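Dumped start29.csv below, it's CSV, C-alpha atoms:
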chain,number,residue,atom,x,y,z
A,231,MET,CA,36.8,126.5,149.9
A,232,ILE,CA,40.2,125.6,151.2
A,233,PRO,CA,41.7,128.8,152.7
A,234,LEU,CA,45.0,130.3,151.5
A,235,SER,CA,48.0,129.6,153.8
A,236,SER,CA,49.4,132.5,155.7
A,237,PRO,CA,52.4,133.3,153.4
A,238,TYR,CA,50.2,133.4,150.3
A,239,LYS,CA,47.4,135.3,151.9
A,240,SER,CA,49.9,137.9,153.2
A,241,LEU,CA,51.3,138.4,149.7
A,242,LEU,CA,47.8,138.7,148.2
A,243,ASP,CA,46.8,141.3,150.9
A,244,ARG,CA,49.9,143.4,150.2
A,245,PHE,CA,49.2,143.4,146.5
A,246,LEU,CA,45.5,144.3,147.0
A,247,ASN,CA,46.6,147.2,149.3
A,248,TYR,CA,49.0,148.4,146.6
A,249,LEU,CA,46.2,148.4,144.0
A,250,THR,CA,43.9,150.3,146.4
A,251,LEU,CA,46.3,152.9,147.8
A,252,GLU,CA,48.8,153.4,145.1
A,253,ARG,CA,47.0,152.5,141.9
A,254,ASN,CA,43.6,153.8,143.1
A,255,PHE,CA,41.7,150.9,141.4
A,256,SER,CA,38.0,150.7,141.9
A,257,ALA,CA,36.5,148.3,144.5
A,258,HIS,CA,35.0,146.2,141.7
A,259,THR,CA,38.4,145.8,139.9
A,260,ILE,CA,40.1,144.9,143.1
A,261,THR,CA,37.5,142.3,143.8
A,262,SER,CA,38.2,140.8,140.4
A,263,TYR,CA,41.9,140.7,141.1
A,264,ALA,CA,41.3,139.1,144.5
A,265,ASN,CA,39.1,136.4,143.1
A,266,ASP,CA,41.4,135.5,140.2
A,267,LEU,CA,44.6,135.5,142.3
A,268,ASN,CA,43.0,133.6,145.1
A,269,ARG,CA,42.3,130.8,142.7
A,270,TYR,CA,45.8,131.0,141.2
A,271,LEU,CA,47.5,131.0,144.6
A,272,LEU,CA,45.3,128.2,145.8
A,273,PHE,CA,46.4,126.1,142.8
A,274,MET,CA,50.1,126.7,143.7
A,275,GLN,CA,49.4,125.9,147.3
A,276,GLN,CA,47.7,122.6,146.4
A,277,SER,CA,50.7,121.9,144.1
A,278,GLU,CA,52.9,122.4,147.2
A,279,LYS,CA,54.7,125.3,145.4
A,280,GLN,CA,56.3,128.1,147.3
A,281,ILE,CA,56.0,131.4,145.4
A,282,GLU,CA,59.8,131.5,145.0
A,283,ALA,CA,59.7,128.2,143.3
A,284,VAL,CA,57.0,128.9,140.8
A,285,VAL,CA,58.2,128.8,137.2
A,286,LEU,CA,56.5,129.5,133.8
A,287,THR,CA,55.4,125.9,133.3
A,288,ASP,CA,53.6,125.9,136.6
A,289,ILE,CA,51.6,129.0,135.6
A,290,GLN,CA,50.9,127.5,132.2
A,291,HIS,CA,49.5,124.4,133.9
A,292,PHE,CA,47.1,126.7,135.9
A,293,ILE,CA,46.0,128.4,132.7
A,294,GLN,CA,45.3,125.0,131.1
A,295,GLU,CA,43.1,124.2,134.1
A,296,LEU,CA,41.1,127.3,133.4
A,297,HIS,CA,40.7,126.2,129.8
A,298,GLU,CA,39.5,122.8,130.8
A,299,ALA,CA,37.1,124.3,133.4
A,300,GLY,CA,35.4,126.0,130.4
A,301,LEU,CA,36.3,129.6,131.2
A,302,GLU,CA,35.7,132.0,128.3
A,303,SER,CA,38.8,133.5,126.6
A,304,ARG,CA,38.1,136.9,128.1
A,305,SER,CA,38.0,135.5,131.6
A,306,ILE,CA,41.3,133.7,131.0
A,307,SER,CA,42.9,136.9,129.6
A,308,ARG,CA,41.8,138.7,132.8
A,309,ASN,CA,43.4,136.0,134.9
A,310,ILE,CA,46.6,136.2,132.9
A,311,SER,CA,46.7,140.0,133.4
A,312,ALA,CA,46.2,139.6,137.1
A,313,ILE,CA,49.0,137.0,137.4
A,314,ARG,CA,51.4,139.2,135.4
A,315,SER,CA,50.6,142.2,137.5
A,316,PHE,CA,51.0,140.2,140.7
A,317,HIS,CA,54.5,138.8,139.8
A,318,LYS,CA,55.6,142.3,138.6
A,319,PHE,CA,54.6,143.6,142.0
A,320,LEU,CA,56.6,140.8,143.8
A,321,ILE,CA,59.7,141.8,141.8
A,322,ARG,CA,59.1,145.5,142.6
A,323,GLU,CA,58.9,144.7,146.3
A,324,ASN,CA,62.1,142.5,146.1
A,325,ILE,CA,60.2,139.4,147.2
A,326,LEU,CA,61.2,137.6,144.0
A,327,GLU,CA,64.3,137.9,141.9
A,328,GLU,CA,62.9,136.1,138.8
A,329,ASN,CA,59.6,137.0,137.1
A,330,ALA,CA,58.1,133.6,136.2
A,331,ALA,CA,55.2,135.3,134.4
A,332,LYS,CA,57.3,137.6,132.2
A,333,SER,CA,56.9,135.4,129.1
A,334,LEU,CA,53.3,134.6,129.8
A,335,HIS,CA,51.3,135.7,126.7
A,336,GLN,CA,47.7,136.6,126.3
A,337,PRO,CA,45.7,134.2,124.0
A,338,LYS,CA,44.7,135.8,120.7
A,339,PRO,CA,41.0,136.4,121.3
A,340,GLY,CA,38.5,136.1,118.5
A,341,LEU,CA,36.4,139.1,117.8
A,342,HIS,CA,33.6,139.2,120.3
A,343,LEU,CA,30.6,141.2,119.1
A,344,PRO,CA,28.3,142.3,121.9
A,345,THR,CA,24.6,142.0,121.9
A,346,VAL,CA,23.0,145.2,120.5
A,347,LEU,CA,19.3,146.1,120.4
A,348,SER,CA,17.6,147.7,117.5
A,349,VAL,CA,16.0,151.1,117.9
A,350,ASP,CA,12.6,149.5,118.0
A,351,GLU,CA,13.7,147.0,120.7
A,352,VAL,CA,15.2,149.8,122.8
A,353,PHE,CA,12.0,151.8,122.7
A,354,ARG,CA,10.0,148.7,123.7
A,355,LEU,CA,12.4,148.1,126.7
A,356,LEU,CA,12.2,151.8,127.7
A,357,ASP,CA,8.4,151.6,127.7
A,358,ALA,CA,8.3,148.4,129.7
A,359,PRO,CA,8.0,149.9,133.2
A,360,LEU,CA,4.8,151.7,132.0
A,361,LEU,CA,3.3,148.5,130.6
A,362,GLU,CA,3.7,146.2,133.5
A,363,LYS,CA,0.4,144.7,134.8
A,364,PRO,CA,-0.1,145.6,137.6
A,365,PRO,CA,2.3,148.7,137.5
A,366,GLY,CA,5.4,148.2,139.6
A,367,LYS,CA,5.5,150.1,142.8
A,368,TYR,CA,8.9,151.6,141.8
A,369,PHE,CA,8.1,152.0,138.1
A,370,LEU,CA,9.4,155.6,138.0
A,371,ARG,CA,12.8,154.5,139.4
A,372,ASP,CA,13.0,151.6,136.9
A,373,LYS,CA,12.0,153.9,134.0
A,374,VAL,CA,14.8,156.4,135.0
A,375,LEU,CA,17.3,153.5,135.3
A,376,LEU,CA,16.6,152.3,131.8
A,377,GLU,CA,16.5,155.8,130.3
A,378,LEU,CA,19.9,156.7,131.9
A,379,LEU,CA,21.6,153.5,130.8
A,380,TYR,CA,20.6,154.2,127.2
A,381,ALA,CA,21.0,158.0,127.3
A,382,THR,CA,24.5,157.9,128.8
A,383,GLY,CA,26.1,154.5,128.1
A,384,VAL,CA,27.3,154.3,131.7
A,385,ARG,CA,28.4,151.0,133.3
A,386,VAL,CA,26.1,149.6,135.9
A,387,SER,CA,28.7,150.2,138.6
A,388,GLU,CA,28.8,153.9,137.5
A,389,LEU,CA,25.0,154.0,137.4
A,390,ILE,CA,24.3,152.9,140.9
A,391,ASN,CA,26.9,155.4,142.3
A,392,ILE,CA,25.4,158.4,140.6
A,393,GLN,CA,24.7,161.1,143.2
A,394,GLN,CA,21.8,163.6,142.8
A,395,SER,CA,24.4,166.4,143.1
A,396,ASN,CA,26.2,165.0,140.1
A,397,CYS,CA,23.2,165.4,137.9
A,398,TYR,CA,23.3,168.9,136.2
A,399,LEU,CA,19.9,168.7,134.7
A,400,ASP,CA,19.6,172.3,133.6
A,401,ALA,CA,22.8,172.0,131.8
A,402,GLY,CA,22.0,168.5,130.4
A,403,PHE,CA,25.0,166.7,131.9
A,404,ALA,CA,25.8,164.1,134.5
A,405,ARG,CA,29.2,163.7,136.2
A,406,ILE,CA,30.3,160.1,136.1
A,407,PHE,CA,33.1,158.5,138.2
A,408,GLY,CA,34.5,155.5,136.2
A,409,LYS,CA,37.3,153.0,136.6
A,410,GLY,CA,40.2,154.2,138.7
A,411,SER,CA,38.0,157.1,139.9
A,412,LYS,CA,38.4,158.8,136.5
A,413,GLU,CA,35.8,161.5,136.1
A,414,ARG,CA,33.9,162.4,133.0
A,415,LEU,CA,30.9,164.5,132.0
A,416,VAL,CA,28.3,162.7,129.9
A,417,PRO,CA,25.4,164.4,128.1
A,418,VAL,CA,21.9,163.5,129.2
A,419,GLY,CA,19.0,163.9,126.8
A,420,HIS,CA,15.9,165.9,127.5
A,421,THR,CA,13.6,162.8,127.8
A,422,ALA,CA,15.8,161.2,130.5
A,423,ILE,CA,16.0,164.6,132.3
A,424,GLU,CA,12.2,164.8,132.4
A,425,TRP,CA,11.9,161.4,133.9
A,426,ILE,CA,14.7,162.0,136.5
A,427,ARG,CA,12.9,165.1,137.7
A,428,ARG,CA,9.5,163.3,137.9
A,429,TYR,CA,11.2,160.4,139.8
A,430,GLN,CA,12.9,162.7,142.3
A,431,GLN,CA,9.7,164.6,143.0
A,432,GLU,CA,7.1,161.8,143.0
A,433,LEU,CA,9.0,158.8,144.3
A,434,ARG,CA,12.5,159.3,145.6
A,435,LEU,CA,11.5,161.8,148.3
A,436,ASN,CA,9.2,159.1,149.7
A,437,MET,CA,11.8,156.4,149.5
A,438,ALA,CA,14.6,158.3,151.2
A,439,ASN,CA,15.7,157.9,154.8
A,440,ARG,CA,18.8,158.5,156.9
A,441,GLU,CA,20.7,155.7,155.0
A,442,SER,CA,20.0,157.0,151.6
A,443,GLY,CA,22.8,159.5,151.3
A,444,ASP,CA,22.6,161.4,148.0
A,445,TYR,CA,22.4,158.3,145.8
A,446,LEU,CA,20.0,158.8,142.9
A,447,PHE,CA,18.9,155.2,142.8
A,448,LEU,CA,17.5,153.6,146.0
A,449,ASN,CA,16.1,150.2,146.9
A,450,ALA,CA,12.9,149.5,148.8
A,451,ARG,CA,14.7,150.1,152.2
A,452,GLY,CA,15.9,153.5,151.1
A,453,LYS,CA,19.5,152.3,150.6
A,454,GLN,CA,21.7,152.5,147.6
A,455,LEU,CA,20.5,150.2,144.8
A,456,SER,CA,22.9,147.3,144.3
A,457,ARG,CA,24.4,146.1,141.0
A,458,MET,CA,22.4,142.8,141.2
A,459,SER,CA,19.2,144.7,141.7
A,460,ALA,CA,19.9,146.9,138.7
A,461,TRP,CA,20.6,143.7,136.7
A,462,ASN,CA,17.4,142.1,137.9
A,463,ILE,CA,15.3,145.2,136.9
A,464,VAL,CA,16.7,145.1,133.4
A,465,HIS,CA,16.2,141.4,133.0
A,466,ARG,CA,12.6,141.5,134.3
A,467,LEU,CA,11.6,144.4,132.1
A,468,SER,CA,13.2,142.8,129.0
A,469,SER,CA,10.7,140.0,129.5
A,470,VAL,CA,7.9,142.5,129.9
A,471,ALA,CA,9.0,144.0,126.6
A,472,GLY,CA,8.9,140.6,125.0
A,473,LEU,CA,12.5,140.7,124.0
A,474,THR,CA,14.1,137.3,123.3
A,475,LYS,CA,17.8,138.5,123.4
A,476,LYS,CA,19.8,137.9,126.5
A,477,ILE,CA,19.9,141.4,127.9
A,478,SER,CA,21.8,143.0,130.8
A,479,PRO,CA,22.6,146.6,131.8
A,480,HIS,CA,25.8,146.3,129.6
A,481,THR,CA,23.6,145.6,126.6
A,482,LEU,CA,22.3,149.1,126.8
A,483,ARG,CA,25.9,150.4,127.0
A,484,HIS,CA,26.7,148.5,123.8
A,485,THR,CA,23.5,149.8,122.2
A,486,PHE,CA,24.2,153.4,123.1
A,487,ALA,CA,27.6,153.3,121.5
A,488,THR,CA,26.4,151.4,118.4
A,489,HIS,CA,23.5,153.7,117.7
A,490,LEU,CA,25.7,156.8,118.1
A,491,LEU,CA,28.2,155.5,115.6
A,492,GLU,CA,25.5,154.4,113.2
A,493,GLY,CA,24.1,157.9,113.4
A,494,GLY,CA,27.4,159.3,112.3
A,495,ALA,CA,29.0,160.2,115.7
A,496,ASP,CA,32.8,160.7,115.8
A,497,LEU,CA,34.6,157.6,117.2
A,498,ARG,CA,36.7,159.7,119.7
A,499,ALA,CA,33.5,161.5,121.0
A,500,VAL,CA,32.0,158.1,121.7
A,501,GLN,CA,35.3,157.0,123.4
A,502,GLU,CA,35.1,160.0,125.7
A,503,MET,CA,31.4,159.3,126.6
A,504,LEU,CA,32.1,155.7,127.3
A,505,GLY,CA,35.1,156.5,129.4
A,506,HIS,CA,37.4,154.2,127.4
A,507,SER,CA,41.1,154.9,128.0
A,508,SER,CA,42.0,153.6,124.6
A,509,ILE,CA,40.1,154.1,121.3
A,510,ILE,CA,40.8,150.4,120.5
A,511,ALA,CA,38.1,149.4,123.1
A,512,THR,CA,35.6,151.6,121.3
A,513,GLN,CA,36.5,150.4,117.8
A,514,ILE,CA,34.7,147.0,118.4
A,515,TYR,CA,31.4,148.8,117.9
A,516,THR,CA,32.3,149.6,114.3
A,517,HIS,CA,32.3,145.9,113.6
A,518,ILE,CA,28.7,145.4,114.7
A,519,ASP,CA,26.9,146.8,111.7
A,520,ARG,CA,28.8,146.3,108.4
A,521,SER,CA,26.2,148.4,106.6
A,522,PHE,CA,27.3,151.4,108.7
A,523,ILE,CA,31.0,150.9,107.6
A,524,LYS,CA,29.9,150.5,103.9
A,525,GLU,CA,27.8,153.6,104.1
A,526,ALA,CA,30.6,155.6,105.7
A,527,HIS,CA,32.9,154.6,102.9
A,528,LYS,CA,30.4,155.4,100.3
A,529,THR,CA,29.7,158.8,101.8
A,530,PHE,CA,33.2,160.0,102.6
A,531,HIS,CA,35.6,158.3,100.3
A,532,PRO,CA,36.4,160.1,97.0
A,533,ARG,CA,35.8,156.9,95.0
A,534,GLY,CA,33.1,155.5,97.2

Conversion result in structure tokens:
Amino acid sequence: MIPLSSPYKSLLDRFLNYLTLERNFSAHTITSYANDLNRYLLFMQQSEKQIEAVVLTDIQHFIQELHEAGLESRSISRNISAIRSFHKFLIRENILEENAAKSLHQPKPGLHLPTVLSVDEVFRLLDAPLLEKPPGKYFLRDKVLLELLYATGVRVSELINIQQSNCYLDAGFARIFGKGSKERLVPVGHTAIEWIRRYQQELRLNMANRESGDYLFLNARGKQLSRMSAWNIVHRLSSVAGLTKKISPHTLRHTFATHLLEGGADLRAVQEMLGHSSIIATQIYTHIDRSFIKEAHKTFHPRG
């Protein structure tokens, strides 16, 4: 890849430092900003545009390039958000006088319904670590990983950062640190708690070494489990379970939310457990099962 020129790289580094130090964004979010803006600034650099000379049509040409490259609407929306934040920062720092991205609008996305597993499919997946032939060496860890994803609805980045000291098993809660280091307490069911205790006593003690810290999930070298390793575990076990849907750790987050709402849980309670800052993000799950909405109307509306 062609490297960014010094002026552009300096501006990008300043912006990323601002997100880290002043906005307290997570490392994962900052990496996303860095990747999106690096691509954007490289486009301007190759167009021989100085940042002071960039106008709205230049940014629109870049967005069109993303469309032609086949990026999904959500990825394009994320790029637009990054560009708008970057230009707003440049105005704030008195680097620019005019905000070329001010009139840049988000595309109207179509409703994207996430993949959700049925109750039967979830149970097949949760049982998969016990059904592998031969049994996996780390089947207890993998079992706990699946149980916690479904029991709590945490993001994979939150899952791999769970510390043992943040698991209040007697009380039935786990402390989760989400986006922007926001903290929340999430209930953990008794089944997941039993498997966590068994994993800690029978496997984790033997896996741990000086590099393990207090992380609950460890890899074969005793270090913190990575996001990709967690993804691979879910993908492998979905095959063992005989599931044909495309499944990732996030699928279990979607499934967790959907099953709660179908069971009659309050939308704001689910919002709190998921760590959504806005209830709008949670409302997508009410679109997944129309029968749930019809049943809610029939049950609670006076003329249902």

> What's the 10 Å shell around range 317-324 of chain A, counting all atoms listed in the file, without same-chain residues fewer than 3 positions away, as a list in words?
Replying inline: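 Residues meeting the cut-off are Leu241, Arg244, Phe245, Tyr248, Leu249, Ile281, Glu282, Ala312, Ile313, Arg314, Glu327, Glu328, Asn329, Ala330, Ala331 and Lys332 of chain A.
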
Contact table range 456-493 of chain A vs range 372-384 of chain A, cut-off 7 Å, shortest pair per residue, all atoms listed in the file, as JSON lines:
{"residue": "A:Ile463", "atom": "CA", "partner": "A:Asp372", "partner_atom": "CA", "distance": 6.8}
{"residue": "A:Leu482", "atom": "CA", "partner": "A:Tyr380", "partner_atom": "CA", "distance": 5.4}
{"residue": "A:Arg483", "atom": "CA", "partner": "A:Gly383", "partner_atom": "CA", "distance": 4.2}
{"residue": "A:Phe486", "atom": "CA", "partner": "A:Gly383", "partner_atom": "CA", "distance": 5.5}
{"residue": "A:Ala487", "atom": "CA", "partner": "A:Gly383", "partner_atom": "CA", "distance": 6.9}

>> Can you measure CA of Phe369 in chain A to CA of Lys453 in chain A for me? One decimal in Å is fine.
In response: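 Answer for the CA of Phe369 in chain A to CA of Lys453 in chain A separation: 16.9 Å.
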
> Using all atoms listed in the file, which residue out of A:Ile406, A:Ala499, A:Leu361, A:Leu234 lies closest to Gln275 in chain A?
Replying inline: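 Nearest candidate to Gln275 in chain A out of A:Ile406, A:Ala499, A:Leu361, A:Leu234: A:Leu234.
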
With a cut-off of 12 Å, could you pull out the residues of range 315-430 of chain A touching range 434-443 of chain A and give me the nearest pair of atoms for each, distance in Å to one decimal, using only C-alpha atoms, ordered by chain and ascending number, as a tab-separated table?
residue	atom	partner	partner_atom	distance
A:Lys367	CA	A:Met437	CA	11.1
A:Tyr368	CA	A:Arg434	CA	9.3
A:Phe369	CA	A:Arg434	CA	11.4
A:Leu370	CA	A:Arg434	CA	9.0
A:Arg371	CA	A:Arg434	CA	7.8
A:Asp372	CA	A:Arg434	CA	11.6
A:Val374	CA	A:Arg434	CA	11.2
A:Asn391	CA	A:Gly443	CA	10.7
A:Ile392	CA	A:Gly443	CA	11.1
A:Gln393	CA	A:Gly443	CA	8.5
A:Gln394	CA	A:Gly443	CA	9.5
A:Ser395	CA	A:Gly443	CA	10.8
A:Trp425	CA	A:Arg434	CA	11.9
A:Ile426	CA	A:Arg434	CA	9.7
A:Arg427	CA	A:Arg434	CA	9.8
A:Arg428	CA	A:Arg434	CA	9.2
A:Tyr429	CA	A:Arg434	CA	6.0
A:Gln430	CA	A:Arg434	CA	4.8
